[in-house]
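Undergrad: Contents are PDB, C-alpha atoms; file name target_21.pdb:
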```pdb
MODEL        1
ATOM      1  CA  MET A   1      30.282   9.631  18.999  1.00  0.00           C
ATOM      2  CA  LEU A   2      27.481   9.354  16.437  1.00  0.00           C
ATOM      3  CA  ASN A   3      28.278   9.937  12.783  1.00  0.00           C
ATOM      4  CA  ILE A   4      25.028  11.876  12.197  1.00  0.00           C
ATOM      5  CA  ARG A   5      24.382  15.268  13.751  1.00  0.00           C
ATOM      6  CA  LYS A   6      21.710  17.959  13.699  1.00  0.00           C
ATOM      7  CA  LYS A   7      21.341  19.843  10.348  1.00  0.00           C
ATOM      8  CA  ASP A   8      23.019  17.017   8.372  1.00  0.00           C
ATOM      9  CA  LYS A   9      21.467  15.904   5.088  1.00  0.00           C
ATOM     10  CA  VAL A  10      20.587  12.201   5.175  1.00  0.00           C
ATOM     11  CA  LEU A  11      19.143   9.535   2.885  1.00  0.00           C
ATOM     12  CA  VAL A  12      16.532   7.100   4.241  1.00  0.00           C
ATOM     13  CA  LEU A  13      17.622   3.508   3.494  1.00  0.00           C
ATOM     14  CA  CYS A  14      14.531   1.465   4.381  1.00  0.00           C
ATOM     15  CA  GLY A  15      10.906   1.741   5.377  1.00  0.00           C
ATOM     16  CA  LYS A  16       7.949   3.459   3.748  1.00  0.00           C
ATOM     17  CA  ASP A  17      10.041   6.577   3.009  1.00  0.00           C
ATOM     18  CA  ARG A  18      12.967   4.724   1.391  1.00  0.00           C
ATOM     19  CA  GLY A  19      14.955   6.919  -0.999  1.00  0.00           C
ATOM     20  CA  LYS A  20      13.822  10.237   0.479  1.00  0.00           C
ATOM     21  CA  ARG A  21      16.340  12.848   1.533  1.00  0.00           C
ATOM     22  CA  GLY A  22      15.895  15.286   4.371  1.00  0.00           C
ATOM     23  CA  GLU A  23      17.579  17.317   7.056  1.00  0.00           C
ATOM     24  CA  VAL A  24      18.076  16.009  10.580  1.00  0.00           C
ATOM     25  CA  VAL A  25      15.939  18.070  12.964  1.00  0.00           C
ATOM     26  CA  ARG A  26      16.748  16.305  16.225  1.00  0.00           C
ATOM     27  CA  VAL A  27      19.065  13.524  17.438  1.00  0.00           C
ATOM     28  CA  TYR A  28      18.291  11.133  20.309  1.00  0.00           C
ATOM     29  CA  PRO A  29      21.632   9.454  21.147  1.00  0.00           C
ATOM     30  CA  GLY A  30      20.162   7.385  23.993  1.00  0.00           C
ATOM     31  CA  ASP A  31      17.587   5.786  21.672  1.00  0.00           C
ATOM     32  CA  ASN A  32      19.879   5.721  18.589  1.00  0.00           C
ATOM     33  CA  SER A  33      17.243   7.585  16.593  1.00  0.00           C
ATOM     34  CA  VAL A  34      16.891  10.808  14.627  1.00  0.00           C
ATOM     35  CA  VAL A  35      13.984  12.968  13.472  1.00  0.00           C
ATOM     36  CA  VAL A  36      14.264  13.828   9.762  1.00  0.00           C
ATOM     37  CA  SER A  37      12.215  16.612   8.198  1.00  0.00           C
ATOM     38  CA  LYS A  38       9.304  15.434   6.008  1.00  0.00           C
ATOM     39  CA  VAL A  39      10.047  11.747   6.735  1.00  0.00           C
ATOM     40  CA  ASN A  40       8.086   9.188   8.808  1.00  0.00           C
ATOM     41  CA  ILE A  41       5.056  11.451   9.202  1.00  0.00           C
ATOM     42  CA  ILE A  42       2.064  10.229  11.219  1.00  0.00           C
ATOM     43  CA  LYS A  43      -1.344  11.762  11.908  1.00  0.00           C
ATOM     44  CA  LYS A  44      -2.094  12.542  15.535  1.00  0.00           C
ATOM     45  CA  HIS A  45      -5.542  13.472  16.821  1.00  0.00           C
ATOM     46  CA  SER A  46      -5.653  16.071  19.593  1.00  0.00           C
ATOM     47  CA  LYS A  47      -8.452  17.554  21.648  1.00  0.00           C
ATOM     48  CA  PRO A  48      -8.898  21.315  21.692  1.00  0.00           C
ATOM     49  CA  THR A  49      -7.426  23.269  24.580  1.00  0.00           C
ATOM     50  CA  GLN A  50      -7.547  26.948  25.518  1.00  0.00           C
ATOM     51  CA  THR A  51      -4.529  27.723  23.354  1.00  0.00           C
ATOM     52  CA  ASP A  52      -4.777  25.008  20.671  1.00  0.00           C
ATOM     53  CA  PRO A  53      -7.800  24.437  18.405  1.00  0.00           C
ATOM     54  CA  GLY A  54      -7.179  20.678  18.220  1.00  0.00           C
ATOM     55  CA  GLY A  55      -7.848  18.428  15.231  1.00  0.00           C
ATOM     56  CA  VAL A  56      -5.678  16.097  13.180  1.00  0.00           C
ATOM     57  CA  LYS A  57      -2.012  17.106  13.085  1.00  0.00           C
ATOM     58  CA  GLU A  58       0.836  15.602  11.095  1.00  0.00           C
ATOM     59  CA  ILE A  59       4.021  15.141  13.099  1.00  0.00           C
ATOM     60  CA  GLU A  60       7.438  13.696  12.287  1.00  0.00           C
ATOM     61  CA  THR A  61       8.443  10.703  14.366  1.00  0.00           C
ATOM     62  CA  PRO A  62      11.949   9.343  15.017  1.00  0.00           C
ATOM     63  CA  VAL A  63      13.710   6.933  12.656  1.00  0.00           C
ATOM     64  CA  ASN A  64      16.399   4.522  13.818  1.00  0.00           C
ATOM     65  CA  ILE A  65      19.844   5.886  13.078  1.00  0.00           C
ATOM     66  CA  SER A  66      20.791   2.645  11.303  1.00  0.00           C
ATOM     67  CA  ASN A  67      18.089   3.334   8.698  1.00  0.00           C
ATOM     68  CA  VAL A  68      19.594   6.618   7.500  1.00  0.00           C
ATOM     69  CA  MET A  69      22.916   7.422   5.830  1.00  0.00           C
ATOM     70  CA  LEU A  70      24.780  10.703   5.765  1.00  0.00           C
ATOM     71  CA  VAL A  71      24.917  12.557   2.422  1.00  0.00           C
ATOM     72  CA  CYS A  72      28.200  14.352   1.696  1.00  0.00           C
ATOM     73  CA  PRO A  73      27.570  18.070   1.063  1.00  0.00           C
ATOM     74  CA  LYS A  74      30.394  18.256  -1.513  1.00  0.00           C
ATOM     75  CA  CYS A  75      29.841  15.191  -3.739  1.00  0.00           C
ATOM     76  CA  ASP A  76      26.107  14.754  -2.888  1.00  0.00           C
ATOM     77  CA  GLN A  77      26.572  10.978  -2.441  1.00  0.00           C
ATOM     78  CA  PRO A  78      25.429   8.894   0.543  1.00  0.00           C
ATOM     79  CA  THR A  79      28.480   7.792   2.485  1.00  0.00           C
ATOM     80  CA  ARG A  80      29.539   6.235   5.764  1.00  0.00           C
ATOM     81  CA  PRO A  81      32.015   8.793   7.090  1.00  0.00           C
ATOM     82  CA  LYS A  82      35.359   7.903   8.566  1.00  0.00           C
ATOM     83  CA  PHE A  83      36.899   9.767  11.470  1.00  0.00           C
ATOM     84  CA  ASP A  84      40.298  11.454  11.240  1.00  0.00           C
ATOM     85  CA  PHE A  85      42.257  13.689  13.566  1.00  0.00           C
ATOM     86  CA  LEU A  86      43.531  17.152  12.593  1.00  0.00           C
ATOM     87  CA  SER A  87      47.012  18.326  13.522  1.00  0.00           C
ATOM     88  CA  ASP A  88      45.646  20.028  16.650  1.00  0.00           C
ATOM     89  CA  GLY A  89      44.027  16.731  17.789  1.00  0.00           C
ATOM     90  CA  LYS A  90      40.443  17.616  16.843  1.00  0.00           C
ATOM     91  CA  LYS A  91      38.306  14.708  15.622  1.00  0.00           C
ATOM     92  CA  VAL A  92      36.513  15.339  12.280  1.00  0.00           C
ATOM     93  CA  ARG A  93      34.295  13.381   9.879  1.00  0.00           C
ATOM     94  CA  VAL A  94      35.648  12.721   6.378  1.00  0.00           C
ATOM     95  CA  CYS A  95      33.762  11.515   3.283  1.00  0.00           C
ATOM     96  CA  ARG A  96      35.056   8.151   2.061  1.00  0.00           C
ATOM     97  CA  LYS A  97      34.168   8.922  -1.574  1.00  0.00           C
ATOM     98  CA  CYS A  98      35.616  12.400  -2.157  1.00  0.00           C
ATOM     99  CA  GLY A  99      37.911  12.743   0.885  1.00  0.00           C
ATOM    100  CA  GLU A 100      36.394  16.085   1.866  1.00  0.00           C
ATOM    101  CA  MET A 101      35.931  17.067   5.512  1.00  0.00           C
ATOM    102  CA  ILE A 102      32.257  17.098   6.624  1.00  0.00           C
ATOM    103  CA  VAL A 103      31.519  20.000   8.936  1.00  0.00           C
TER
ENDMDL
END
```
Can I see the file as structure tokens?

TA:
Amino acid sequence: MLNIRKKDKVLVLCGKDRGKRGEVVRVYPGDNSVVVSKVNIIKKHSKPTQTDPGGVKEIETPVNISNVMLVCPKCDQPTRPKFDFLSDGKKVRVCRKCGEMIV
């Protein structure tokens, strides 16, 4: 089970976009990578087609999951979450700094 999921807020730890925060758009568990909005943007040249005018487009590319850290929505601090079990046996993520459950 990965500790980062879609729609989580994350902080980029290294690379050209170090220090930026963004929302996770897509998770690739097989590659251990995530796509973060407005982070790791490249320019891609495309030829025109019948539906697309073509030109230079900016797209977001995946970042390794080890290079991002989850930001707690309650305390707004980057944290490595721990996993706890609720009384009904459900596994949940918990912030190590404030102790709040991360949904």

Undergrad: Would you compute the distance between atom CA of Lys91 of chain A and atom CA of Leu13 of chain A? Give it in Å to one decimal.

TA: 26.5 Å

Undergrad: Tell me which of A:Pro53, A:Asn40, A:Cys75, A:Gly89 sits closest to Arg18 of chain A, counting only C-alpha atoms.

TA: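 Distance minimum relative to Arg18 of chain A lands on A:Asn40.
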
Undergrad: Residues near Glu23 of chain A, anyone? I mean within 7 Å using only C-alpha atoms, not counting same-chain ones fewer than 5 positions away, as a ChimeraX atom specification.

TA: /A:7-10,36-37

Undergrad: Step by step, work through what the PyMOL selection byres ((chain A and resi 12) around 12) selects in the shown file, and finish by giving those residues as a count of residues only.

TA: 33

Undergrad: Report, in Å to a single decimal, how far apart atom CA of Ser46 of chain A and atom CA of Lys6 of chain A are.

TA: 28.1 Å

Undergrad: For this file, the PyMOL selection byres ((chain A and resi 103) around 8) selects which residues, as a PDB file with C-alpha atoms, in the coordinates of the input?

TA:
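Writing done, so here's result-v1.pdb:
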```pdb
ATOM      1  CA  VAL A  92      36.513  15.339  12.280  1.00  0.00           C
ATOM      2  CA  ARG A  93      34.295  13.381   9.879  1.00  0.00           C
ATOM      3  CA  MET A 101      35.931  17.067   5.512  1.00  0.00           C
ATOM      4  CA  ILE A 102      32.257  17.098   6.624  1.00  0.00           C
TER       5      ILE A 102
END
```

Undergrad: Which one of A:Leu2, A:Arg96, A:Ile42, A:Glu58 sits closest to Lys74 of chain A if you count only C-alpha atoms?

TA: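 Nearest candidate to Lys74 of chain A out of A:Leu2, A:Arg96, A:Ile42, A:Glu58: A:Arg96.
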
Undergrad: Output as lines of an AutoDock Vina configuration file the centre and edge lengths (Å, one decimal) of the box along x, y and z of the file that holds every listed atom of segment 80-84 of chain A after adding 4 Å on each side.

TA:
```
center_x = 34.9
center_y = 8.8
center_z = 8.6
size_x = 18.8
size_y = 13.2
size_z = 13.7
```

Undergrad: Mind giving me the straight-line distance from atom CA of Pro81 of chain A to atom CA of Val94 of chain A in Å, one decimal?

TA: 5.4 Å

Undergrad: Determine the residue set returned by the PyMOL selection byres ((chain A and resi 45) around 8) for the present structure, and present it as a PyMOL selection string.

TA: chain A and resi 43-44+46-47+54-57
